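One file, coords38.txt, carrying compact mmCIF, C-alpha atoms:
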# COMPACT_ATOMS: atom_id res chain seq x y z
CA MET A 1 19.43 14.91 10.31
CA ASN A 2 20.40 11.32 10.99
CA GLN A 3 18.11 8.38 11.70
CA LYS A 4 18.37 8.70 15.45
CA GLU A 5 17.31 12.32 15.52
CA PHE A 6 14.48 11.54 13.14
CA LEU A 7 13.26 8.67 15.30
CA ASN A 8 13.39 10.91 18.36
CA ILE A 9 11.01 13.30 16.66
CA VAL A 10 8.72 10.62 15.26
CA MET A 11 8.53 8.08 18.07
CA PRO A 12 6.29 10.09 20.44
CA PHE A 13 3.44 10.30 17.96
CA LYS A 14 3.79 7.22 15.78
CA ASP A 15 1.17 5.42 17.89
CA LYS A 16 -1.23 8.29 17.41
CA VAL A 17 -0.74 8.13 13.66
CA PHE A 18 -1.37 4.41 13.77
CA ARG A 19 -4.54 4.74 15.85
CA LEU A 20 -5.97 7.44 13.61
CA ALA A 21 -5.19 5.30 10.57
CA LYS A 22 -6.84 2.34 12.22
CA ARG A 23 -9.89 4.39 13.14
CA LEU A 24 -10.35 5.28 9.50
CA LEU A 25 -9.19 2.10 7.78
CA VAL A 26 -10.54 -0.35 10.42
CA SER A 27 -8.13 -3.15 9.56
CA THR A 28 -4.95 -3.37 11.63
CA GLU A 29 -2.82 -4.46 8.68
CA GLU A 30 -4.02 -1.58 6.54
CA ALA A 31 -3.35 0.84 9.37
CA GLU A 32 0.16 -0.55 9.83
CA ASP A 33 0.90 -0.14 6.15
CA ALA A 34 -0.46 3.39 6.22
CA THR A 35 1.67 4.27 9.24
CA GLN A 36 4.81 2.94 7.60
CA GLU A 37 3.99 4.82 4.45
CA ILE A 38 3.57 8.06 6.39
CA LEU A 39 6.77 7.60 8.37
CA LEU A 40 8.63 6.93 5.14
CA LYS A 41 7.19 10.06 3.58
CA LEU A 42 8.34 12.05 6.60
CA TRP A 43 11.76 10.43 6.36
CA SER A 44 12.15 11.26 2.69
CA ASN A 45 11.25 14.88 3.45
CA LYS A 46 13.44 15.01 6.52
CA SER A 47 15.29 18.07 5.32
CA LYS A 48 12.09 20.10 5.57
CA ILE A 49 10.99 18.61 8.87
CA THR A 50 12.63 21.28 11.00
CA LYS A 51 10.77 23.99 9.12
CA TYR A 52 7.35 22.73 10.17
CA ASN A 53 6.42 24.40 13.41
CA ASN A 54 4.42 21.39 14.55
CA VAL A 55 5.58 18.10 13.08
CA GLU A 56 3.00 16.12 15.02
CA ALA A 57 0.01 18.10 13.77
CA PHE A 58 1.45 18.00 10.27
CA SER A 59 1.79 14.22 10.43
CA MET A 60 -1.76 13.81 11.68
CA THR A 61 -3.04 15.87 8.76
CA MET A 62 -0.94 13.72 6.43
CA THR A 63 -2.41 10.60 7.98
CA LYS A 64 -5.93 11.93 7.57
CA ASN A 65 -5.39 12.76 3.90
CA PHE A 66 -3.59 9.53 3.19
CA CYS A 67 -6.31 7.38 4.76
CA LEU A 68 -9.15 9.24 3.11
CA ASP A 69 -7.43 8.83 -0.24
CA LYS A 70 -6.99 5.17 0.50
CA LEU A 71 -10.67 4.79 1.34
CA LYS A 72 -11.62 6.49 -1.89
CA SER A 73 -9.32 4.36 -4.01
CA LYS A 74 -10.32 0.96 -5.27
CA GLN A 75 -7.92 -0.79 -2.94
CA ALA A 76 -10.33 -0.04 -0.16
CA GLN A 77 -12.69 -2.62 -1.52
CA ASN A 78 -10.81 -5.45 0.12
CA LEU A 79 -10.52 -4.03 3.58
CA LYS A 80 -10.87 -6.49 6.41
CA ILE A 81 -12.76 -5.86 9.59
CA VAL A 82 -10.72 -6.75 12.62
CA HIS A 83 -11.61 -6.07 16.21
CA SER A 84 -8.99 -4.97 18.67
CA ASN A 85 -8.41 -6.72 21.95
CA TYR A 86 -9.60 -4.78 24.92
CA GLN A 87 -7.87 -4.49 28.25
CA ASP A 88 -8.97 -6.17 31.42
CA HIS A 89 -10.57 -3.67 33.76
CA LYS A 90 -10.57 -5.79 36.90
CA VAL A 91 -14.30 -6.17 37.27
CA SER A 92 -16.26 -9.27 38.13
CA LEU A 93 -16.73 -11.77 35.32
CA GLN A 94 -20.40 -11.03 34.77
CA LYS A 95 -19.78 -7.31 34.73
CA GLU A 96 -16.76 -7.81 32.57
CA LEU A 97 -18.70 -9.71 29.94
CA GLU A 98 -21.38 -7.06 29.92
CA ALA A 99 -18.88 -4.25 29.78
CA ASN A 100 -16.91 -5.94 27.05
CA ASP A 101 -20.10 -6.35 25.10
CA SER A 102 -21.03 -2.69 25.36
CA VAL A 103 -17.43 -1.70 24.68
CA ASN A 104 -17.66 -3.72 21.48
CA TRP A 105 -20.84 -1.88 20.71
CA VAL A 106 -19.01 1.43 21.08
CA ALA A 107 -16.49 0.25 18.49
CA LYS A 108 -19.24 -0.74 16.09
CA ILE A 109 -21.13 2.50 16.54
CA ILE A 110 -18.03 4.61 15.98
CA GLU A 111 -17.27 2.59 12.89
CA ALA A 112 -20.63 3.56 11.46
CA LEU A 113 -20.11 7.29 12.07
CA PRO A 114 -19.23 9.63 9.20
CA GLU A 115 -15.47 9.94 8.66
CA GLN A 116 -15.21 13.46 9.99
CA GLN A 117 -16.94 12.58 13.26
CA LYS A 118 -14.80 9.46 13.57
CA MET A 119 -11.66 11.54 13.32
CA VAL A 120 -12.88 14.15 15.76
CA VAL A 121 -13.77 11.51 18.35
CA GLN A 122 -10.44 9.82 17.81
CA LEU A 123 -8.42 12.99 18.18
CA ARG A 124 -10.36 14.38 21.12
CA ASP A 125 -11.59 11.50 23.25
CA ILE A 126 -8.73 9.11 22.62
CA GLU A 127 -5.71 11.26 21.80
CA GLN A 128 -6.85 14.25 23.87
CA TYR A 129 -5.78 17.06 21.61
CA ASP A 130 -7.26 20.47 22.29
CA TYR A 131 -9.81 21.98 19.94
CA ASP A 132 -7.41 24.35 18.21
CA GLU A 133 -5.01 21.53 17.37
CA ILE A 134 -7.82 19.37 16.01
CA ALA A 135 -9.15 22.27 13.97
CA LYS A 136 -5.71 22.75 12.45
CA MET A 137 -5.18 19.05 11.77
CA LEU A 138 -8.52 18.54 10.09
CA ASN A 139 -8.59 21.90 8.40
CA MET A 140 -11.89 22.85 10.04
CA ASN A 141 -12.80 25.74 12.27
CA ASN A 142 -13.09 25.50 16.01
CA THR A 143 -16.89 25.54 16.22
CA ALA A 144 -17.25 22.94 13.48
CA VAL A 145 -15.03 20.62 15.50
CA ARG A 146 -17.19 21.10 18.60
CA VAL A 147 -20.38 20.52 16.66
CA ALA A 148 -19.04 17.36 15.04
CA LEU A 149 -17.81 16.10 18.38
CA SER A 150 -21.09 16.82 20.15
CA ARG A 151 -23.03 15.05 17.40
CA ALA A 152 -20.74 12.06 17.51
CA ARG A 153 -20.94 11.75 21.30
CA LYS A 154 -24.70 12.02 21.30
CA THR A 155 -25.04 9.44 18.54
CA ILE A 156 -22.79 6.99 20.33
CA ARG A 157 -24.71 7.34 23.58
CA GLU A 158 -28.16 7.21 22.01
CA GLN A 159 -27.32 4.06 20.12
CA LEU A 160 -25.76 2.51 23.20
CA THR A 161 -28.89 3.13 25.26
CA ASN A 162 -30.98 1.73 22.43
CA THR A 163 -29.04 -1.51 22.33
CA HIS A 164 -29.16 -1.79 26.11
CA ASN A 165 -32.89 -1.31 26.33
CA TYR A 166 -33.51 -3.66 23.45
CA GLY A 167 -34.48 -6.63 25.60
CA ILE A 168 -36.43 -4.60 28.13
CA LYS A 169 -38.77 -2.40 26.14
CA MET B 170 -17.27 13.35 43.26
CA GLU B 171 -20.95 13.99 43.84
CA LEU B 172 -23.43 12.91 41.22
CA ASN B 173 -24.71 16.43 40.66
CA LYS B 174 -21.40 17.68 39.46
CA ILE B 175 -20.97 14.63 37.24
CA ASN B 176 -24.34 15.18 35.65
CA LYS B 177 -23.46 18.78 34.92
CA LEU B 178 -20.14 17.75 33.44
CA LEU B 179 -21.80 15.11 31.28
CA GLU B 180 -24.19 17.65 29.86
CA LYS B 181 -21.27 19.86 28.97
CA TYR B 182 -19.50 16.80 27.57
CA ASP B 183 -22.40 15.99 25.27
CA ASN B 184 -22.36 19.53 23.95
CA GLY B 185 -18.66 19.36 23.26
CA THR B 186 -17.79 22.18 25.64
CA THR B 187 -15.77 20.36 28.30
CA THR B 188 -12.10 21.13 28.73
CA LEU B 189 -9.49 18.39 28.63
CA GLN B 190 -9.18 18.49 32.43
CA GLU B 191 -12.92 18.01 32.88
CA GLU B 192 -12.82 15.08 30.49
CA GLN B 193 -10.03 13.57 32.52
CA GLN B 194 -12.21 13.91 35.63
CA LEU B 195 -15.03 12.10 33.88
CA LYS B 196 -12.72 9.41 32.67
CA ARG B 197 -11.47 8.85 36.19
CA TYR B 198 -15.00 8.76 37.57
CA PHE B 199 -16.13 6.17 35.05
CA SER B 200 -13.12 3.95 35.54
CA GLN B 201 -14.55 2.90 38.94
CA GLU B 202 -16.46 -0.34 39.09
CA THR B 203 -19.94 0.85 39.98
CA VAL B 204 -21.73 3.76 38.41
CA PRO B 205 -25.43 4.63 38.62
CA PRO B 206 -27.41 2.53 36.13
CA HIS B 207 -28.50 5.47 33.98
CA LEU B 208 -24.85 6.30 33.37
CA GLU B 209 -23.82 2.81 32.20
CA SER B 210 -23.63 3.91 28.57
CA TYR B 211 -21.06 6.58 29.46
CA LYS B 212 -19.05 3.96 31.27
CA ALA B 213 -18.84 1.87 28.12
CA MET B 214 -17.76 4.87 26.09
CA PHE B 215 -15.02 5.88 28.47
CA ALA B 216 -13.86 2.29 28.85
CA TYR B 217 -13.54 2.05 25.10
CA PHE B 218 -11.63 5.32 24.89
CA SER B 219 -9.15 4.37 27.60
CA ALA B 220 -8.65 0.94 26.06
CA ASN B 221 -7.91 2.49 22.68
CA GLU B 222 -5.37 4.92 24.05
CA LYS B 223 -3.10 1.99 24.80
CA GLU B 224 -2.96 0.51 21.34
CA GLN B 225 0.49 0.75 19.87
CA PHE B 226 2.21 0.57 16.55
CA THR B 227 4.41 -2.49 16.91
CA LYS B 228 5.89 -2.79 13.46
CA ASP B 229 9.39 -1.56 12.74
CA VAL B 230 9.93 1.84 11.29
CA PRO B 231 11.40 0.84 7.92
CA LEU B 232 13.82 3.64 7.20
CA THR B 233 16.91 1.82 5.95
CA PRO B 234 15.66 -1.13 3.88
CA LYS B 235 13.63 0.98 1.50
CA ARG B 236 16.47 3.39 0.91
CA ASN B 237 18.88 0.48 0.37
CA ASN B 238 16.61 -1.03 -2.24
CA THR B 239 16.52 2.06 -4.42
CA PHE B 240 20.21 2.51 -3.78
CA TYR B 241 21.02 -0.98 -5.10
CA ILE B 242 18.71 -0.66 -8.08
CA LYS B 243 20.44 2.58 -9.05
CA TRP B 244 23.89 1.04 -8.92
CA ILE B 245 22.83 -2.17 -10.64
CA SER B 246 21.47 -0.15 -13.55
CA VAL B 247 24.70 1.81 -13.73
CA ALA B 248 26.64 -1.48 -13.82
CA ALA B 249 24.36 -2.86 -16.54
CA VAL B 250 24.88 0.21 -18.71
CA ALA B 251 28.64 -0.06 -18.20
CA VAL B 252 28.62 -3.72 -19.28
CA LEU B 253 26.59 -2.84 -22.37
CA LEU B 254 28.94 -0.03 -23.32
CA ILE B 255 31.99 -2.28 -22.89
CA GLY B 256 30.33 -4.90 -25.09
CA VAL B 257 29.56 -2.40 -27.84
CA PHE B 258 33.10 -1.00 -27.67
CA PHE B 259 34.77 -4.40 -28.16
CA LYS B 260 32.35 -5.40 -30.86
CA SER B 261 33.16 -2.28 -32.90
CA ASN B 262 36.88 -3.06 -32.47
CA VAL B 263 36.35 -6.43 -34.19
CA PHE B 264 34.81 -4.68 -37.20
CA VAL B 265 37.80 -2.39 -37.50
CA GLN B 266 40.16 -5.40 -37.66
CA GLU B 267 38.38 -6.85 -40.69
CA ASP B 268 40.69 -4.86 -43.01
CA LEU B 269 42.01 -7.37 -45.60
CA GLY B 270 44.82 -5.30 -47.11
CA THR B 271 45.44 -4.26 -50.76
CA TYR B 272 47.94 -4.99 -53.54
CA ASP B 273 50.28 -2.24 -54.62
CA ASP B 274 51.40 -3.81 -57.93
CA PRO B 275 48.54 -3.83 -60.53
CA GLU B 276 49.92 -6.90 -62.36
CA MET B 277 50.00 -8.92 -59.18
CA ALA B 278 46.48 -7.80 -58.43
CA TYR B 279 45.38 -8.88 -61.91
CA ASN B 280 46.97 -12.31 -61.45
CA GLU B 281 45.29 -12.76 -58.12
CA VAL B 282 41.89 -11.81 -59.57
CA VAL B 283 42.33 -14.24 -62.48
CA LYS B 284 43.32 -16.98 -60.04
CA SER B 285 40.26 -16.51 -57.90
CA LEU B 286 37.94 -16.21 -60.89
CA GLU B 287 39.35 -19.49 -62.28
CA MET B 288 38.74 -21.16 -58.97
CA ILE B 289 35.17 -19.93 -58.97
CA SER B 290 34.51 -21.10 -62.55
CA SER B 291 36.01 -24.57 -62.01
CA ASN B 292 33.89 -25.03 -58.94
CA PHE B 293 30.86 -23.81 -60.84
CA ASN B 294 31.47 -26.33 -63.59
CA LYS B 295 31.75 -29.13 -61.07
CA GLY B 296 28.34 -28.15 -59.77
CA ALA B 297 26.87 -27.93 -63.27
CA LYS B 298 28.08 -31.46 -64.09
CA LYS B 299 26.15 -32.82 -61.19
CA VAL B 300 23.05 -31.06 -62.44
CA ASN B 301 23.33 -33.02 -65.67
CA TYR B 302 22.04 -36.09 -63.87
CA LEU B 303 18.66 -34.37 -63.90
CA ASN B 304 18.37 -35.37 -67.59
CA ALA B 305 18.40 -39.01 -66.57
CA PHE B 306 15.54 -38.23 -64.24
CA ASN B 307 13.58 -36.65 -67.10
CA GLN B 308 14.09 -39.80 -69.19
CA GLY B 309 12.68 -41.86 -66.36
CA ILE B 310 9.61 -39.67 -66.24
CA SER B 311 8.99 -40.06 -70.01
CA LYS B 312 9.03 -43.85 -69.54
CA VAL B 313 6.45 -43.56 -66.82
CA ASP B 314 4.21 -41.88 -69.40
CA TYR B 315 3.64 -45.30 -70.97
CA LEU B 316 1.54 -46.13 -67.94
CA ASN B 317 -1.09 -43.75 -69.28
CA GLU B 318 -1.48 -45.91 -72.33
CA MET B 319 -2.05 -48.92 -70.11
CA ASP B 320 -4.72 -46.93 -68.33
CA ASN B 321 -6.46 -46.23 -71.62
CA THR B 322 -6.57 -49.90 -72.50
CA THR B 323 -7.94 -50.94 -69.12
CA ARG B 324 -10.68 -48.32 -69.46
CA LEU B 325 -11.64 -49.71 -72.82
CA ILE B 326 -11.84 -53.19 -71.33
CA PHE B 327 -14.09 -52.21 -68.46
CA LYS B 328 -16.41 -50.18 -70.63
CA LYS B 329 -17.39 -53.17 -72.68

Go ahead and render the structure in this file as structure tokens.
Amino acid sequence: MNQKEFLNIVMPFKDKVFRLAKRLLVSTEEAEDATQEILLKLWSNKSKITKYNNVEAFSMTMTKNFCLDKLKSKQAQNLKIVHSNYQDHKVSLQKELEANDSVNWVAKIIEALPEQQKMVVQLRDIEQYDYDEIAKMLNMNNTAVRVALSRARKTIREQLTNTHNYGIK
Amino acid sequence: MELNKINKLLEKYDNGTTTLQEEQQLKRYFSQETVPPHLESYKAMFAYFSANEKEQFTKDVPLTPKRNNTFYIKWISVAAVAVLLIGVFFKSNVFVQEDLGTYDDPEMAYNEVVKSLEMISSNFNKGAKKVNYLNAFNQGISKVDYLNEMDNTTRLIFKK
């Protein structure tokens, strides 16, 4: 396998790897390093890559394990918190400010979720994998994925409504 | 899409039982500008999700540089070992060339030994002669001893 073939396999999901890494590690720089590390690992095992029946799912599992290890290790103590820039959604300025604010809140709330729920939300609501794929990637069973996802979604929404009603009630 | 259907979908969504298509429908619904006030929190969630889908990994995929590094280190170490071996090889050659040769005729060998021993002894004597000057130094020291006597006398003077 030469570099070009390898890149053809890897390119479609490298962003997904990066976003999952960022979801877990929070800092963009850390996530970039993690992504590079994972791509390099894949590259050094390129001879086996054709034997995996789903390279993408395999890489996502690798990313998960790598990031969790990273979080456990002492290096994680100097993680930085960086917020991403959000897209313009073509709404009026007032609305936009409000929306941006609550969108920021969503980021904060997700950040506070347990790691497993974070990953499930990331893989389902952002990357749109189906339940079986997520179950395989995270080494969980199908129902556990649904339960984690449901809990995460409810927590996010509850906390959002709380912050919104804060000034009113 | 009518609100009723949306509400039903949202309930399913909260329980984690929606299909991907249904989630797409919701996402589309909440991307519009106005939603009923009680659904504002969903709007924020879906806005966040769609915004995050677009984030990309912009750094290069570093496949070649890393491999090159290890590659160079490998060959540099090989070169270093080669240089070391060459050094050791030439060094040992020098030792081999330190052969001074021998005499075949015993009488000639005897004469040579006597000659070198004589040279050693004459040089030794020269050195020994120089050492003789040390005696003069000893004499000087014995003269200095007289100073002690002077000390004694001064002590006597100050006592009284």

**Prompt:** What residues in chain A lie within 7 Å of chain B, counting all atoms listed in the file, written as a list in words?
**Reply:** Lys14, Asp15, Phe18, Gln36, Leu40, Tyr86, Gln87, Val91, Ala99, Ser102, Val103, Val106, Asp125, Ile126, Glu127, Gln128, Arg146, Val147, Leu149, Ser150, Arg153, Lys154, Arg157, Leu160 and Thr161 of chain A

Written file, previous selection with C-alpha atoms, as an mmCIF file, in the frame of the given file:
data_model
loop_
_atom_site.group_PDB
_atom_site.id
_atom_site.type_symbol
_atom_site.label_atom_id
_atom_site.label_comp_id
_atom_site.auth_asym_id
_atom_site.auth_seq_id
_atom_site.Cartn_x
_atom_site.Cartn_y
_atom_site.Cartn_z
ATOM 1 C CA LYS A 14 3.790 7.220 15.780
ATOM 2 C CA ASP A 15 1.170 5.420 17.890
ATOM 3 C CA PHE A 18 -1.370 4.410 13.770
ATOM 4 C CA GLN A 36 4.810 2.940 7.600
ATOM 5 C CA LEU A 40 8.630 6.930 5.140
ATOM 6 C CA TYR A 86 -9.600 -4.780 24.920
ATOM 7 C CA GLN A 87 -7.870 -4.490 28.250
ATOM 8 C CA VAL A 91 -14.300 -6.170 37.270
ATOM 9 C CA ALA A 99 -18.880 -4.250 29.780
ATOM 10 C CA SER A 102 -21.030 -2.690 25.360
ATOM 11 C CA VAL A 103 -17.430 -1.700 24.680
ATOM 12 C CA VAL A 106 -19.010 1.430 21.080
ATOM 13 C CA ASP A 125 -11.590 11.500 23.250
ATOM 14 C CA ILE A 126 -8.730 9.110 22.620
ATOM 15 C CA GLU A 127 -5.710 11.260 21.800
ATOM 16 C CA GLN A 128 -6.850 14.250 23.870
ATOM 17 C CA ARG A 146 -17.190 21.100 18.600
ATOM 18 C CA VAL A 147 -20.380 20.520 16.660
ATOM 19 C CA LEU A 149 -17.810 16.100 18.380
ATOM 20 C CA SER A 150 -21.090 16.820 20.150
ATOM 21 C CA ARG A 153 -20.940 11.750 21.300
ATOM 22 C CA LYS A 154 -24.700 12.020 21.300
ATOM 23 C CA ARG A 157 -24.710 7.340 23.580
ATOM 24 C CA LEU A 160 -25.760 2.510 23.200
ATOM 25 C CA THR A 161 -28.890 3.130 25.260
#

**Complete:** In Å and to one decimal, CA of Thr323 in chain B is distant from CA of Ala305 in chain B by 29.0 Å

Using all atoms listed in the file, collect all residues at a distance of at most 9 Å from (2.4, 15.7, 8.4) as written in the file, then present them as an mmCIF file with C-alpha atoms, keeping the file's coordinate frame.
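What ended up in point_11.cif:
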data_model
loop_
_atom_site.group_PDB
_atom_site.id
_atom_site.type_symbol
_atom_site.label_atom_id
_atom_site.label_comp_id
_atom_site.auth_asym_id
_atom_site.auth_seq_id
_atom_site.Cartn_x
_atom_site.Cartn_y
_atom_site.Cartn_z
ATOM 1 C CA ILE A 38 3.570 8.060 6.390
ATOM 2 C CA LYS A 41 7.190 10.060 3.580
ATOM 3 C CA LEU A 42 8.340 12.050 6.600
ATOM 4 C CA TYR A 52 7.350 22.730 10.170
ATOM 5 C CA ASN A 54 4.420 21.390 14.550
ATOM 6 C CA VAL A 55 5.580 18.100 13.080
ATOM 7 C CA GLU A 56 3.000 16.120 15.020
ATOM 8 C CA ALA A 57 0.010 18.100 13.770
ATOM 9 C CA PHE A 58 1.450 18.000 10.270
ATOM 10 C CA SER A 59 1.790 14.220 10.430
ATOM 11 C CA MET A 60 -1.760 13.810 11.680
ATOM 12 C CA THR A 61 -3.040 15.870 8.760
ATOM 13 C CA MET A 62 -0.940 13.720 6.430
ATOM 14 C CA THR A 63 -2.410 10.600 7.980
ATOM 15 C CA MET A 137 -5.180 19.050 11.770
#

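As for CA of Leu195 in chain B and CA of Lys177 in chain B, they are spaced 10.8 Å apart.
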
**Item:** Neighbour list for range 120-124 of chain A as a list in words, cut-off 8 Å, all atoms listed in the file, skip fewer than 2 positions in-chain
**Value:** Leu20, Arg23, Gln116, Gln117, Lys118, Ile126, Glu127, Gln128, Tyr129, Asp130, Tyr131, Ile134, Val145, Ala148, Leu149, Ala152 and Arg153 of chain A
